Protein chains: 2
Amino acid sequence: MPAGSTQDTLAERAALVLREMVRDGVLLPGQPIRQGAVAEQLGISRVPVREALKGLEADGLVEASPTGGFVVVRLSAEELSQIYLMRRLLETELLRRIDSATEPDLATLNALNARMADLIDTPTRELASLNEQFHFEMFTLAGLRHVLVEVQRLWHRTAPYRLVYSAERAARERIVAEHDGLVRALRAGDTELLVRLADEHRHTSERDVVSVLSQP
Amino acid sequence: MPAGSTQDTLAERAALVLREMVRDGVLLPGQPIRQGAVAEQLGISRVPVREALKGLEADGLVEASPTGGFVVVRLSAEELSQIYLMRRLLETELLRRIDSATEPDLATLNALNARMADLIDTPTRELASLNEQFHFEMFTLAGLRHVLVEVQRLWHRTAPYRLVYSAERAARERIVAEHDGLVRALRAGDTELLVRLADEHRHTSERDVVSVLSQP
DNA sequence: GTATTCATTAGTGTATTCACTCCGGGAGGC
DNA sequence: GCCTCCCGGAGTGAATACACTAATGAATAC
């Protein structure tokens, strides 16, 4: 009865590309998205592009312009702080649910953070990706898959702003150091310390993002 | 540059109708959605229907079938419990943020609950709607708009299961009574009591929904 | 009578096409 | 000279048309 196509549908591929473009700052907040241009660039028709945009809209990454078409979402300070509030509530629960981390888990986390340390001199968007991997590697240990997905949505909504939150070298050094602290608290099994360090880590991130927000 | 159309787009209207159909149990969990049928029923083409479905997919109400097409999401027990966990975390925060409720607010809440009491003998789907209105009227008092939206998403994902959670008269009576307790705690400004009552209220709801879940 | 194969059909995913709206610039009136 | 009106272009939203796939049932071989 249905059609399975290749593997995933064209709309999904388009959504993936658009997500990357938003995350990497190719499409900036507030900027309208030309469906025709995107379609042509991907060599597909506009229909799957529109479907992809519908999905991104529900994810809070783009919004329908009242004049028609879609625009990259521009977060207000209010929205941003509430996203970080929700992150704190949900992430704290995840961290609390980690009963114990195995040695391979800790090794993975350390490896990720080491790769971040390697990139400390050459700021690239890979840093943001590694950062996300690090945190979600940790969150995954809680085993709450569906909560994890929601947290991921919250992260993605602030992605275009976090892109530059590590613009300065000092900030990147601090991030790596704080990650190290998180891993040590995790290894020690000190949940309360872990939560407190995570709170502080998130708080500095929020402060930096807010400063980015107020620029344009 | 763009087109403004009437007011909202056809895809949005289709999404609204589909949401209602899922919420009211016209489309049951696990059931495939025939795009053509929906389109014909609404007197529109399949394209906006597909776009609407894309939006619902991101909202977690439907999911893409591997064989193609969309299916109403069937929650697993695991998913359900995690949704309720997230609800508890976010809703508790909302309730804690209410500093004080004005007399008109309390009156509105009492009016909603009174209307529910009126319907106690004739179980209808209006009851579910009133129930949602009651709780969100309360949540709104916290002023955290964007958190509210997320909570609303979580509610909607369990909507098809909550439809029958008040199938028995005794359950409906208990709900109304518990709502009354919530309003009194709110009036008294006893936040901790409010949170505790809300937790209990939610917990019984979860238990009932789980029992519905294990039936089919 | 049962199992297997093949044609038909229902249903999806995508491309193409159409209709409609908004924005900018030039012609004409005051 | 300035304002108004008209019109062309750009861009979207939706409809139609097409290609392709999986399921269903009928026809045939055993």
# chains A, B, ... in the order shown; residues from 1 in each chain; ligands from 1
$ residues_around --residues "C:DC6" --least-positions-apart "4" --cutoff "12 Å" --atoms "only C-alpha atoms (C1' of nucleotides)" --output "number ranges by chain"
D: 24-28
$ interface_residues --of "chain B" --to "chain A" --cutoff "10 Å" --atoms "only C-alpha atoms" --output "MDAnalysis selection string"
chainID B and resid 1:5 7:9 11:12 47:48 50:60 65:69 78:83 85:86 89:90 92:93 144:148 150 154
$ interface_residues --of "chain C" --to "chain B" --cutoff "7 Å" --atoms "only C-alpha atoms (C1' of nucleotides)" --output "count of residues only"
4
$ interface_residues --of "chain D" --to "chain A" --cutoff "7 Å" --atoms "only C-alpha atoms (C1' of nucleotides)" --output "PyMOL selection string"
chain D and resi 12+20-23
$ write_last_selection --atoms "C-alpha atoms (C1' of nucleotides)" --output "PDB file, in the first residue's frame"
ATOM      1  C1'  DT D  12       4.164  31.464  -1.412  1.00  0.00           C
ATOM      2  C1'  DC D  20       6.741   3.775  -7.638  1.00  0.00           C
ATOM      3  C1'  DT D  21       5.810   0.249  -3.937  1.00  0.00           C
ATOM      4  C1'  DA D  22       3.580  -3.011  -1.052  1.00  0.00           C
ATOM      5  C1'  DA D  23      -0.529  -5.635  -0.306  1.00  0.00           C
TER       6       DA D  23
END
$ calpha_fit_and_write --fixed "chain B" --moving "chain A" --output "compact mmCIF listing (two decimals) with C-alpha atoms, in the first residue's frame"
# COMPACT_ATOMS: atom_id res chain seq x y z
CA MET A 1 6.58 38.27 -1.89
CA PRO A 2 4.40 35.75 -0.07
CA ALA A 3 0.81 34.74 0.04
CA GLY A 4 -1.25 35.33 3.14
CA SER A 5 -4.29 33.30 2.10
CA THR A 6 -7.40 33.56 4.21
CA GLN A 7 -6.19 33.70 7.75
CA ASP A 8 -4.48 30.51 8.56
CA THR A 9 -3.29 28.04 6.00
CA LEU A 10 -5.15 24.92 4.95
CA ALA A 11 -2.40 22.81 6.46
CA GLU A 12 -3.04 24.41 9.83
CA ARG A 13 -6.72 23.74 9.60
CA ALA A 14 -5.99 20.16 8.67
CA ALA A 15 -3.64 19.87 11.64
CA LEU A 16 -6.36 21.19 13.91
CA VAL A 17 -8.89 18.69 12.65
CA LEU A 18 -6.43 15.83 12.91
CA ARG A 19 -5.54 16.81 16.46
CA GLU A 20 -9.20 16.72 17.38
CA MET A 21 -9.68 13.40 15.70
CA VAL A 22 -6.81 11.93 17.69
CA ARG A 23 -7.88 13.56 20.92
CA ASP A 24 -11.48 12.46 20.58
CA GLY A 25 -10.59 8.92 19.72
CA VAL A 26 -11.88 9.04 16.17
CA LEU A 27 -8.41 7.94 15.18
CA LEU A 28 -7.17 5.31 17.58
CA PRO A 29 -3.56 4.69 18.59
CA GLY A 30 -1.82 2.44 16.14
CA GLN A 31 -4.28 3.17 13.39
CA PRO A 32 -2.88 4.26 10.03
CA ILE A 33 -4.04 7.60 8.66
CA ARG A 34 -5.22 7.61 5.08
CA GLN A 35 -4.07 10.88 3.64
CA GLY A 36 -6.40 10.63 0.68
CA ALA A 37 -9.41 10.02 2.89
CA VAL A 38 -8.58 12.94 5.16
CA ALA A 39 -8.01 15.21 2.19
CA GLU A 40 -11.27 14.23 0.59
CA GLN A 41 -13.14 14.62 3.85
CA LEU A 42 -11.82 18.16 4.23
CA GLY A 43 -12.30 18.92 0.57
CA ILE A 44 -8.65 19.77 0.07
CA SER A 45 -5.66 18.20 -1.60
CA ARG A 46 -3.28 15.75 -0.01
CA VAL A 47 -0.35 18.15 0.15
CA PRO A 48 -1.55 20.28 3.09
CA VAL A 49 -2.64 17.08 4.83
CA ARG A 50 0.87 15.73 4.57
CA GLU A 51 2.29 18.99 5.90
CA ALA A 52 -0.10 18.84 8.82
CA LEU A 53 0.98 15.28 9.54
CA LYS A 54 4.61 16.35 9.49
CA GLY A 55 3.77 18.86 12.18
CA LEU A 56 1.91 16.31 14.26
CA GLU A 57 4.83 13.94 13.89
CA ALA A 58 7.20 16.47 15.44
CA ASP A 59 4.65 16.93 18.20
CA GLY A 60 4.73 13.23 18.91
CA LEU A 61 1.10 12.62 18.05
CA VAL A 62 1.68 10.54 14.96
CA GLU A 63 4.72 8.73 13.68
CA ALA A 64 5.97 7.74 10.27
CA SER A 65 5.38 4.09 9.64
CA PRO A 66 8.43 2.23 8.37
CA THR A 67 6.23 0.91 5.61
CA GLY A 68 5.31 4.47 4.66
CA GLY A 69 2.54 6.77 5.72
CA PHE A 70 1.63 7.94 9.19
CA VAL A 71 0.20 6.11 12.15
CA VAL A 72 -1.32 7.42 15.36
CA VAL A 73 1.34 7.04 18.02
CA ARG A 74 0.90 4.18 20.41
CA LEU A 75 2.56 5.02 23.68
CA SER A 76 4.56 2.40 25.49
CA ALA A 77 4.31 2.17 29.23
CA GLU A 78 7.85 3.46 29.42
CA GLU A 79 7.06 6.49 27.29
CA LEU A 80 3.96 7.21 29.28
CA SER A 81 5.67 7.14 32.64
CA GLN A 82 8.40 9.43 31.37
CA ILE A 83 5.85 11.89 30.04
CA TYR A 84 4.23 11.95 33.44
CA LEU A 85 7.62 12.38 35.04
CA MET A 86 8.31 15.42 32.88
CA ARG A 87 4.87 16.76 33.62
CA ARG A 88 5.57 16.49 37.33
CA LEU A 89 8.87 18.30 37.04
CA LEU A 90 7.58 21.14 34.89
CA GLU A 91 4.15 21.52 36.45
CA THR A 92 5.59 21.59 39.94
CA GLU A 93 7.79 24.47 38.89
CA LEU A 94 4.79 26.28 37.45
CA LEU A 95 2.77 25.84 40.61
CA ARG A 96 5.68 26.99 42.75
CA ARG A 97 5.98 30.15 40.67
CA ILE A 98 2.45 31.25 41.39
CA ASP A 99 2.92 33.95 43.95
CA SER A 100 -0.72 34.73 44.44
CA ALA A 101 -4.04 34.18 42.71
CA THR A 102 -6.50 37.02 42.37
CA GLU A 103 -10.15 36.61 43.27
CA PRO A 104 -11.27 36.58 39.61
CA ASP A 105 -8.75 33.84 38.92
CA LEU A 106 -10.14 31.73 41.74
CA ALA A 107 -13.66 32.43 40.53
CA THR A 108 -12.79 31.24 37.02
CA LEU A 109 -11.31 28.05 38.40
CA ASN A 110 -14.34 27.42 40.55
CA ALA A 111 -16.63 28.08 37.60
CA LEU A 112 -14.77 25.58 35.46
CA ASN A 113 -14.91 22.97 38.16
CA ALA A 114 -18.60 23.65 38.70
CA ARG A 115 -19.27 23.00 35.04
CA MET A 116 -17.42 19.74 35.39
CA ALA A 117 -19.57 18.86 38.37
CA ASP A 118 -22.65 19.49 36.22
CA LEU A 119 -21.43 16.99 33.67
CA ILE A 120 -20.69 14.34 36.25
CA ASP A 121 -23.73 12.29 35.31
CA THR A 122 -23.34 12.57 31.56
CA PRO A 123 -19.80 11.63 30.70
CA THR A 124 -18.80 13.44 27.57
CA ARG A 125 -15.63 14.51 25.92
CA GLU A 126 -16.41 18.02 27.05
CA LEU A 127 -15.29 16.85 30.46
CA ALA A 128 -11.78 16.24 29.22
CA SER A 129 -11.72 19.66 27.64
CA LEU A 130 -12.91 21.34 30.84
CA ASN A 131 -10.35 19.41 32.82
CA GLU A 132 -7.58 20.67 30.60
CA GLN A 133 -8.90 24.21 30.79
CA PHE A 134 -8.99 24.02 34.56
CA HIS A 135 -5.41 22.94 34.92
CA PHE A 136 -4.03 25.32 32.36
CA GLU A 137 -5.95 28.20 33.84
CA MET A 138 -4.00 27.44 36.96
CA PHE A 139 -0.69 26.95 35.20
CA THR A 140 -1.11 30.24 33.39
CA LEU A 141 -0.95 32.06 36.71
CA ALA A 142 2.76 31.26 36.86
CA GLY A 143 3.38 33.50 33.87
CA LEU A 144 5.90 31.16 32.23
CA ARG A 145 4.38 31.12 28.78
CA HIS A 146 6.98 29.02 27.08
CA VAL A 147 7.10 26.40 29.78
CA LEU A 148 3.35 26.27 29.52
CA VAL A 149 3.57 25.44 25.84
CA GLU A 150 5.85 22.50 26.56
CA VAL A 151 3.54 21.22 29.26
CA GLN A 152 0.70 21.49 26.79
CA ARG A 153 2.61 19.35 24.32
CA LEU A 154 3.05 16.71 27.00
CA TRP A 155 -0.66 16.77 27.78
CA HIS A 156 -1.61 16.43 24.16
CA ARG A 157 0.57 13.40 23.68
CA THR A 158 -1.44 11.47 26.22
CA ALA A 159 -4.77 12.92 25.12
CA PRO A 160 -6.12 9.83 23.35
CA TYR A 161 -5.54 7.79 26.49
CA ARG A 162 -6.96 10.30 28.92
CA LEU A 163 -10.21 10.25 26.97
CA VAL A 164 -11.51 7.39 29.00
CA TYR A 165 -9.63 7.90 32.18
CA SER A 166 -12.81 9.21 33.73
CA ALA A 167 -15.01 6.44 32.46
CA GLU A 168 -16.43 5.64 35.87
CA ARG A 169 -18.63 7.95 37.84
CA ALA A 170 -16.60 7.54 41.00
CA ALA A 171 -13.49 8.68 39.16
CA ARG A 172 -15.25 11.80 37.93
CA GLU A 173 -16.44 12.61 41.42
CA ARG A 174 -12.97 12.23 42.78
CA ILE A 175 -11.54 14.50 40.11
CA VAL A 176 -13.96 17.29 40.91
CA ALA A 177 -13.29 16.93 44.61
CA GLU A 178 -9.54 17.04 44.07
CA HIS A 179 -9.87 20.13 41.91
CA ASP A 180 -11.72 21.73 44.74
CA GLY A 181 -8.86 20.92 47.05
CA LEU A 182 -6.41 22.48 44.63
CA VAL A 183 -8.37 25.72 44.49
CA ARG A 184 -8.56 25.89 48.26
CA ALA A 185 -4.82 25.36 48.63
CA LEU A 186 -4.29 28.05 46.05
CA ARG A 187 -6.57 30.47 47.85
CA ALA A 188 -4.80 29.74 51.12
CA GLY A 189 -1.48 30.43 49.43
CA ASP A 190 -0.18 27.10 50.70
CA THR A 191 2.22 26.29 47.88
CA GLU A 192 3.57 23.08 49.34
CA LEU A 193 0.09 21.70 49.88
CA LEU A 194 -0.83 22.74 46.35
CA VAL A 195 2.14 20.88 44.93
CA ARG A 196 1.42 17.80 47.01
CA LEU A 197 -2.24 17.68 46.02
CA ALA A 198 -1.30 18.20 42.38
CA ASP A 199 1.17 15.34 42.61
CA GLU A 200 -1.46 13.02 43.98
CA HIS A 201 -4.01 14.16 41.42
CA ARG A 202 -1.56 13.54 38.60
CA HIS A 203 -0.55 10.22 40.03
CA THR A 204 -4.06 8.82 40.04
CA SER A 205 -4.50 10.08 36.51
CA GLU A 206 -1.35 8.27 35.48
CA ARG A 207 -2.48 5.08 37.12
CA ASP A 208 -5.79 5.20 35.27
CA VAL A 209 -4.13 5.93 31.97
CA VAL A 210 -1.74 3.04 32.43
CA SER A 211 -4.65 0.73 32.99
CA VAL A 212 -6.18 1.94 29.74
CA LEU A 213 -2.87 1.40 28.01
CA SER A 214 -2.64 -2.24 28.92
CA GLN A 215 -6.07 -3.09 27.54
CA PRO A 216 -5.67 -3.33 23.75
$ select_by_dssp --residues "stretch 45-185 of chain A" --states "alpha helix (DSSP H)" --output "VMD selection string"
chain A and resid 46 to 59 77 to 97 103 to 118 125 to 140 145 to 157 159 to 162 169 to 185
$ residues_around --residues "stretch 24-26 of chain C" --least-positions-apart "4" --cutoff "12 Å" --atoms "only C-alpha atoms (C1' of nucleotides)" --output "list in words"
Met1 of chain B; DT4, DC5, DC6, DC7, DG8, DG9 and DA10 of chain D
$ write_last_selection --atoms "N, CA and C atoms (P, O5', C5', C4', C3', O3' and C1' of nucleotides)" --output "short mmCIF file (atom, residue, chain, number, x, y, z; two decimals), in the first residue's frame"
data_model
loop_
_atom_site.label_atom_id
_atom_site.label_comp_id
_atom_site.auth_asym_id
_atom_site.auth_seq_id
_atom_site.Cartn_x
_atom_site.Cartn_y
_atom_site.Cartn_z
N MET B 1 6.41 39.93 -1.16
CA MET B 1 7.15 38.71 -1.52
C MET B 1 6.37 37.43 -1.24
P DT D 4 -1.66 59.95 -1.28
"O5'" DT D 4 -2.20 59.33 -2.64
"C5'" DT D 4 -3.09 60.10 -3.44
"C4'" DT D 4 -3.36 59.38 -4.75
"C3'" DT D 4 -3.73 57.90 -4.63
"O3'" DT D 4 -4.85 57.62 -5.45
"C1'" DT D 4 -1.94 58.15 -6.14
P DC D 5 -5.72 56.28 -5.21
"O5'" DC D 5 -5.50 55.50 -6.59
"C5'" DC D 5 -5.64 56.19 -7.83
"C4'" DC D 5 -4.90 55.43 -8.92
"C3'" DC D 5 -5.15 53.93 -8.94
"O3'" DC D 5 -5.52 53.52 -10.24
"C1'" DC D 5 -2.83 54.35 -8.97
P DC D 6 -6.28 52.13 -10.47
"O5'" DC D 6 -5.27 51.38 -11.44
"C5'" DC D 6 -4.74 52.08 -12.57
"C4'" DC D 6 -3.39 51.50 -12.95
"C3'" DC D 6 -3.39 49.97 -13.14
"O3'" DC D 6 -2.82 49.68 -14.40
"C1'" DC D 6 -1.59 50.65 -11.75
P DC D 7 -3.16 48.28 -15.08
"O5'" DC D 7 -1.73 47.62 -15.23
"C5'" DC D 7 -0.59 48.44 -15.56
"C4'" DC D 7 0.68 47.78 -15.07
"C3'" DC D 7 0.67 46.25 -15.18
"O3'" DC D 7 1.93 45.82 -15.61
"C1'" DC D 7 1.23 46.87 -13.02
P DG D 8 2.13 45.11 -16.97
"O5'" DG D 8 3.38 44.13 -16.73
"C5'" DG D 8 4.68 44.69 -16.71
"C4'" DG D 8 5.42 44.24 -15.46
"C3'" DG D 8 5.71 42.73 -15.37
"O3'" DG D 8 7.11 42.54 -15.42
"C1'" DG D 8 4.94 43.62 -13.29
P DG D 9 7.70 41.10 -15.58
"O5'" DG D 9 8.27 40.84 -14.11
"C5'" DG D 9 9.14 41.81 -13.54
"C4'" DG D 9 9.44 41.44 -12.09
"C3'" DG D 9 9.83 39.98 -11.87
"O3'" DG D 9 10.89 39.92 -10.93
"C1'" DG D 9 7.94 40.49 -10.55
P DA D 10 11.76 38.62 -10.82
"O5'" DA D 10 11.56 38.22 -9.28
"C5'" DA D 10 11.49 39.25 -8.30
"C4'" DA D 10 10.82 38.72 -7.05
"C3'" DA D 10 11.15 37.26 -6.72
"O3'" DA D 10 11.47 37.18 -5.34
"C1'" DA D 10 8.81 37.55 -6.78
#
